[in-house]
Amino acid sequence: MLKDLMVRGLDDGGMLAWRALLKHLQGSLTVYFRSRLGGREADAEDLVQECLIAIHAKRATYDPSLPFSAWAYAIARYKLIDHFRRLGRRPTLPLEDADLVLAPHTVEDGAIRRDLHKVLAILPKRQRQLIEDVRIGGLSLAEAAARHGFTEGAAKVSVHRSMKTLAARVSADEN
């Protein structure tokens with residue numbers, strides 16, 4: 001249903017489908033963010049709006065041959081990670097609440113993981129490990145640098161250059 005709305009919304013005449021998609025996503029994303037923010041309603045609402053804006057702004061990058069939900073929730077996950085980084089801490093939850101945060105894996109998760117490993121394989125091993133730790137694993141630059149024998153400055157430069165390389169390669173593959 002969501003993918004169909006997205007594809008119809010990408011057409012010039014699909015404004016109604018686009019609005020329906022955003023309305024449906026608003027509800028789903030609200031639940032997603034609230035369950036991960038431990039009741040901070042204002043933060044959840046802000047993240048929903050940031051995420052909807054990002055989906056709207058990046059809608060031209062969506063590939064209709066791929067699952068829509070994975071694409072949309074990847075954006076949501078990155079918005080959540082950015083939010084926690086801005087706070088300067090990592091959230092903690094009692095172990096009893098772990099099932100709220102850890103969603104069951106889907107087939108789309110496996111496809112995303114496979115595609116991610118393919119893209120990251122472009123990079124040399126040390127750079128790939130830095131990207132995995134900082135951008136996927138959520139470690140700080142200082143933690144990842146120490147883990148892989150970089151200075152913090154060198155790690156920052158390496159992550160920046162690696163992301164630039166990946167972006168160039170992915171955009172070249174799309175064309």
# chains A, B, ... in the order shown; residues from 1 in each chain; ligands from 1
call {"tool": "residues_around", "arguments": {"residues": "Ile55 in chain A", "least_positions_apart": "4", "cutoff": "8 Å", "atoms": "only C-alpha atoms", "output": "list of chain:residue names"}}
result
A:Cys51, A:Arg59, A:Ala72, A:Ile75
call {"tool": "residues_around", "arguments": {"residues": "Ser28 in chain A", "least_positions_apart": "2", "cutoff": "12 Å", "atoms": "only C-alpha atoms", "output": "list in words"}}
result
Leu2, Leu21, Leu22, Lys23, His24, Leu25, Gln26, Thr30, Val31, Tyr32, Phe33, Arg34, Ser35, Ala44, Glu45, Val48, Cys51, Leu52, Ser69, Ala72, Tyr73 and Ala76 of chain A
call {"tool": "residues_around", "arguments": {"residues": "Ala144 in chain A", "least_positions_apart": "6", "cutoff": "10 Å", "atoms": "only C-alpha atoms", "output": "list in words"}}
result
Gln129, Leu130, Ile131, Glu132, Asp133, Val134, Gly137, Gly138, Phe150, Thr151, Glu152, Ala155 and Lys156 of chain A
call {"tool": "write_last_selection", "arguments": {"atoms": "N, CA, C and O atoms", "output": "compact mmCIF listing (two decimals), in the first residue's frame"}}
result
# COMPACT_ATOMS: atom_id res chain seq x y z
N GLN A 129 35.54 -0.11 8.13
CA GLN A 129 35.30 -0.35 9.55
C GLN A 129 34.95 0.94 10.28
O GLN A 129 34.08 0.96 11.16
N LEU A 130 35.63 2.03 9.91
CA LEU A 130 35.31 3.33 10.53
C LEU A 130 33.87 3.73 10.20
O LEU A 130 33.12 4.15 11.10
N ILE A 131 33.48 3.62 8.94
CA ILE A 131 32.12 3.98 8.53
C ILE A 131 31.11 3.10 9.28
O ILE A 131 30.09 3.60 9.78
N GLU A 132 31.37 1.81 9.35
CA GLU A 132 30.45 0.91 10.04
C GLU A 132 30.31 1.29 11.51
O GLU A 132 29.22 1.29 12.06
N ASP A 133 31.42 1.63 12.16
CA ASP A 133 31.37 1.97 13.57
C ASP A 133 30.69 3.32 13.83
O ASP A 133 29.88 3.45 14.74
N VAL A 134 31.03 4.33 13.01
CA VAL A 134 30.53 5.68 13.26
C VAL A 134 29.13 5.87 12.70
O VAL A 134 28.23 6.35 13.39
N GLY A 137 27.10 1.87 13.52
CA GLY A 137 27.15 1.40 14.90
C GLY A 137 26.89 2.46 15.95
O GLY A 137 26.62 2.15 17.11
N GLY A 138 26.99 3.74 15.57
CA GLY A 138 26.69 4.81 16.51
C GLY A 138 27.82 5.21 17.44
O GLY A 138 27.62 5.95 18.38
N PHE A 150 43.44 5.30 14.71
CA PHE A 150 43.49 6.60 14.05
C PHE A 150 43.54 7.68 15.12
O PHE A 150 43.10 7.47 16.25
N THR A 151 44.03 8.85 14.76
CA THR A 151 43.78 10.01 15.61
C THR A 151 42.35 10.44 15.31
O THR A 151 41.78 10.08 14.28
N GLU A 152 41.77 11.22 16.19
CA GLU A 152 40.39 11.65 15.97
C GLU A 152 40.28 12.48 14.69
O GLU A 152 39.35 12.32 13.91
N ALA A 155 40.49 10.21 11.68
CA ALA A 155 39.24 9.46 11.54
C ALA A 155 38.15 10.34 10.93
O ALA A 155 37.41 9.88 10.05
N LYS A 156 38.09 11.59 11.36
CA LYS A 156 37.09 12.51 10.83
C LYS A 156 37.29 12.71 9.32
O LYS A 156 36.35 12.66 8.54
